[in-house]
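Read the structure below first, then the notes.
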Amino acid sequence: MTLLLASANAEIGMALGRDLLLSGASALDVVEAVVRAVEDNAGDHTVGYGGYPNILGTVELDASVMDGTTRAAGAVAGVSACRHPFSLARAVMERLPHVMLAGAGADRFAREVGLASGDLLEPEAAATWRRGVETYHVDLGDNAPLADAVKTLVLDPEHVTGTVNVVAIDAAGRLVSGVSTSGWAWKYPGRVGDTGCLGAGNYADARYGAATCTGWGELAIRTGAARRAVQSMAGGASAGEALADVLADLPDPGMGDAVPFHMLGVRADGTYAAVSTTEVSRYAVWEPSMAAPEVRPRTQVGAP
Ligand code: ASP
């Protein structure tokens with residue numbers, strides 16, 4: 001039984017992921033290849049190179065990986081000089097006695113393992129950022145207060161959300177989940193989202209299943225969303241029941257009406273679900289019965 005399940009923005013890497021799975025690649029290599037394709041997509045302003053920057057104009061990336069078989073994991077947060085933060089998270093998992101690196105230390109580690117890259121700010125993302133700070137007359141001076149501007153700008157519905165989620169089961173039954181994001185556009189410098197937080201935006205345990213999140217990351221952190229969903233699967237819930245339960249119990253963020261929140265869930269037996277609080281969210285999937293990967297609508301479930 002093999003499976004490749006992802007957020008819709010992973011479509012660009014799905015055929016490659018399918019080919020790798022069919023050629024016998026490990027779930028970890030498959031997830032990494034698909035995530036990297038999205039991180040390299042300059043047209044995706046929510047992941048990797050081309051991601052929207054924080055309010056000061058610096059791109060800060062978060063990513064994590066979890067190997068469900070061993071429950072080994074790696075995460076990075078606030079990376080600003082590495083175009084492939086997922087590979088950096090994998091290197092944390094494989095080469096360090098740690099699980100998570102943040103900020104300057106993560107960028108240092110990127111240099112050490114040959115993953116450092118140049119500026120991640122791409123012209124279109126830079127122009128969007130500039131429009132935002134000019135529209136709201138944001139004072140970018142040292143120690144100028146930023147909180148009020150962040151509160152307004154991060155609610156811009158055109159530019160706020162997006163993350164790549166990829167879950168794979170390989171021919172040997174290994175289950176791996178991976179996520180990568182530039183986080184909220186115009187976020188406060190140093191803000192870490194759920195993508196960098198194992199248990200919140202990403203969790204895998206091959207005995208039971210895996211779950212990943214996109215959308216309002218603070219809610220995933222506050223609820224331990226991915227870990228909670230896998231725990232429900234361990235208790236016998238279907239993937240759809242486990243995810244719906246998390247979405248139904250999200251706290252109200254108290255920041256307006258829109259609460260975009262989306263999850264993928266895979267049980268150890270390969271059954272899966274993709275849910276969203278919104279109408280328009282989609283996901284990508286390939287399983288051996290399909291000639292080609294498909295993009296489908298998620299099931300909309302109750303928003304808080
Ligand atoms: N979950 C991501 C974050 O909070 C953003 C998103 O997926 O929309 O950083």
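Starting from 1 in every chain, residues are counted up; chains themselves are A, B, ... following the order of the structure tokens, and ligands are numbered from 1 as listed.
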
Need the shell around segment 34-39 of chain A: protein/DNA/RNA residues with any atom at most 12 Å away, counting only C-alpha atoms. Skip same-chain ones fewer than 4 positions apart. Format as a JSON list (two decimals) with C-alpha atoms, in the first residue's frame?
```json
[["chain", "number", "residue", "atom", "x", "y", "z"],
["A", 4, "LEU", "CA", 0.87, 10.38, -1.47],
["A", 5, "LEU", "CA", -1.41, 12.99, 0.09],
["A", 6, "ALA", "CA", -0.71, 16.72, 0.04],
["A", 7, "SER", "CA", -2.06, 20.25, 0.09],
["A", 8, "ALA", "CA", -3.11, 21.43, -3.38],
["A", 9, "ASN", "CA", -0.06, 23.69, -3.82],
["A", 10, "ALA", "CA", 2.05, 20.49, -3.92],
["A", 11, "GLU", "CA", 0.51, 19.67, -7.30],
["A", 12, "ILE", "CA", 3.71, 20.90, -8.93],
["A", 13, "GLY", "CA", 5.67, 18.02, -7.34],
["A", 14, "MET", "CA", 3.06, 15.26, -7.24],
["A", 15, "ALA", "CA", 4.01, 13.47, -10.47],
["A", 16, "LEU", "CA", 7.62, 13.36, -9.32],
["A", 17, "GLY", "CA", 6.49, 12.00, -5.96],
["A", 18, "ARG", "CA", 4.40, 9.32, -7.62],
["A", 19, "ASP", "CA", 7.33, 8.29, -9.86],
["A", 20, "LEU", "CA", 9.63, 8.07, -6.87],
["A", 21, "LEU", "CA", 7.14, 5.97, -4.91],
["A", 27, "ALA", "CA", 8.63, 7.87, 2.08],
["A", 28, "LEU", "CA", 11.15, 10.34, 3.52],
["A", 29, "ASP", "CA", 12.81, 10.92, 0.15],
["A", 30, "VAL", "CA", 9.43, 11.22, -1.55],
["A", 43, "GLY", "CA", 5.17, 31.68, -7.83],
["A", 44, "ASP", "CA", 4.06, 30.18, -4.50],
["A", 45, "HIS", "CA", 4.27, 33.10, -2.09],
["A", 46, "THR", "CA", 3.62, 30.98, 0.98],
["A", 47, "VAL", "CA", 6.50, 28.51, 0.86],
["A", 48, "GLY", "CA", 10.28, 28.68, 0.42],
["A", 49, "TYR", "CA", 11.87, 31.00, -2.14],
["A", 50, "GLY", "CA", 9.31, 33.65, -3.08],
["A", 51, "GLY", "CA", 7.49, 33.44, 0.25],
["A", 61, "LEU", "CA", 10.74, 30.08, 6.91],
["A", 62, "ASP", "CA", 9.48, 27.26, 9.14],
["A", 63, "ALA", "CA", 9.48, 23.52, 8.36],
["A", 64, "SER", "CA", 9.30, 20.15, 10.04],
["A", 65, "VAL", "CA", 9.48, 16.45, 9.32],
["A", 82, "CYS", "CA", 18.08, 28.63, 3.38],
["A", 83, "ARG", "CA", 15.84, 28.00, 0.42],
["A", 84, "HIS", "CA", 15.05, 24.42, 1.47],
["A", 85, "PRO", "CA", 14.05, 24.54, 5.13],
["A", 86, "PHE", "CA", 12.50, 21.08, 4.87],
["A", 87, "SER", "CA", 15.88, 19.58, 4.00],
["A", 88, "LEU", "CA", 17.34, 21.55, 6.89],
["A", 89, "ALA", "CA", 14.71, 20.06, 9.24],
["A", 90, "ARG", "CA", 15.63, 16.63, 7.90],
["A", 120, "LEU", "CA", 14.85, 34.56, -0.34],
["A", 162, "GLY", "CA", -0.50, 28.90, 2.83],
["A", 163, "THR", "CA", 1.85, 26.04, 3.64],
["A", 164, "VAL", "CA", 2.78, 22.85, 1.89],
["A", 165, "ASN", "CA", 1.76, 19.61, 3.61],
["A", 166, "VAL", "CA", 2.90, 16.22, 2.28],
["A", 167, "VAL", "CA", 2.28, 12.77, 3.75],
["A", 168, "ALA", "CA", 3.58, 9.57, 2.15],
["A", 177, "SER", "CA", 4.80, 13.69, 7.18],
["A", 178, "GLY", "CA", 6.43, 16.96, 6.15],
["A", 179, "VAL", "CA", 5.44, 20.63, 6.13],
["A", 180, "SER", "CA", 7.09, 23.88, 5.03],
["A", 181, "THR", "CA", 5.96, 27.51, 4.99],
["A", 182, "SER", "CA", 6.92, 31.17, 5.00],
["A", 284, "ALA", "CA", -3.80, 16.60, -3.94]]
```

Which residues are close to segment 246-254 of chain A, i.e. within 12 Å by only C-alpha atoms, leaving aside same-chain residues fewer than 2 positions away? Reply as a count of residues only.
54

Just to confirm, what's the straight-line distance from atom CA of Ala210 of chain A to atom CA of Leu3 of chain A in Å (one decimal)?
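If I compute the distance from atom CA of Ala210 of chain A to atom CA of Leu3 of chain A, I get 12.2 Å.
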
Counting only C-alpha atoms, the option among A:Pro189, A:Gly57, A:Gly209, A:Gly74 closest to Leu146 of chain A
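Using only C-alpha atoms, the shortest distance to Leu146 of chain A belongs to A:Pro189.
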
From segment 56-282 of chain A, collect each residue whose DSSP state is alpha helix (DSSP H) and return the set as number ranges by chain.
A: 85-95, 103-112, 123-135, 147-153, 217-223, 225-234, 239-248

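Atom CA of Pro123 of chain A to atom 5 (C, counted along the ligand's line) of ligand 1 spans 20.8 Å [interatomic distance, one decimal].
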
Using only C-alpha atoms, which residues sit within 9 Å of Trp186 of chain A once same-chain residues fewer than 4 positions away are excluded, as a ChimeraX atom specification?
/A:52-57,129,132-133,149-150,153-154,160

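The nearest approach to ligand 1 among the residues A:Gly103, A:Gly270, A:Gly193, A:Gly236, with only C-alpha atoms and all ligand atoms taken into account, belongs to A:Gly193.
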
As a VMD selection string, please: all residues of segment 151-283 of chain A that backbone DSSP puts in strand (DSSP E).
chain A and resid 164 to 169 175 to 181 202 to 205 209 to 215 261 to 267 272 to 276 282 to 283

By how many Å are atom CA of Val176 of chain A and atom CA of Ser26 of chain A apart?
9.2 Å

Just the residues within 10 Å of Asp269 of chain A, please, counting only C-alpha atoms, with nothing from its chain fewer than 5 positions along; format it as a list in words.
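Residues meeting the cut-off are Met1, Ile169, Gly173, Ala206, Arg207, Tyr208 and Gly209 of chain A.
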
Please produce a file of those selected residues containing N, CA and C atoms, as a CSV table (one decimal), in the first residue's frame.
```csv
chain,number,residue,atom,x,y,z
A,1,MET,N,0.8,-1.2,0.0
A,1,MET,CA,0.0,0.0,0.0
A,1,MET,C,0.9,1.3,0.0
A,169,ILE,N,3.2,7.2,2.3
A,169,ILE,CA,3.4,5.8,2.8
A,169,ILE,C,4.1,5.1,1.7
A,173,GLY,N,5.8,0.4,3.9
A,173,GLY,CA,4.8,0.8,5.0
A,173,GLY,C,5.3,1.9,5.9
A,206,ALA,N,3.5,5.8,13.0
A,206,ALA,CA,3.2,4.8,12.0
A,206,ALA,C,2.2,3.7,12.6
A,207,ARG,N,2.1,3.6,13.9
A,207,ARG,CA,1.2,2.7,14.5
A,207,ARG,C,-0.3,3.1,14.3
A,208,TYR,N,-0.4,4.4,14.2
A,208,TYR,CA,-1.8,5.0,14.1
A,208,TYR,C,-2.1,5.8,12.9
A,209,GLY,N,-1.2,6.8,12.6
A,209,GLY,CA,-1.5,7.6,11.4
A,209,GLY,C,-0.7,8.9,11.5
```

I need the residue nearest Leu101 of chain A from this list: A:Gly78, A:Met290, A:Ala172, A:Val266. Use only C-alpha atoms for the distance.
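Answer, going by the shortest atom-to-atom distance: A:Gly78.
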
Could you tell me which of A:Ala125, A:Ala171, A:Ala204, A:Val192 comes closest to ligand 1 if we count only C-alpha atoms and all ligand atoms?
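Between A:Ala125, A:Ala171, A:Ala204, A:Val192, the residue approaching ligand 1 most closely is A:Val192.
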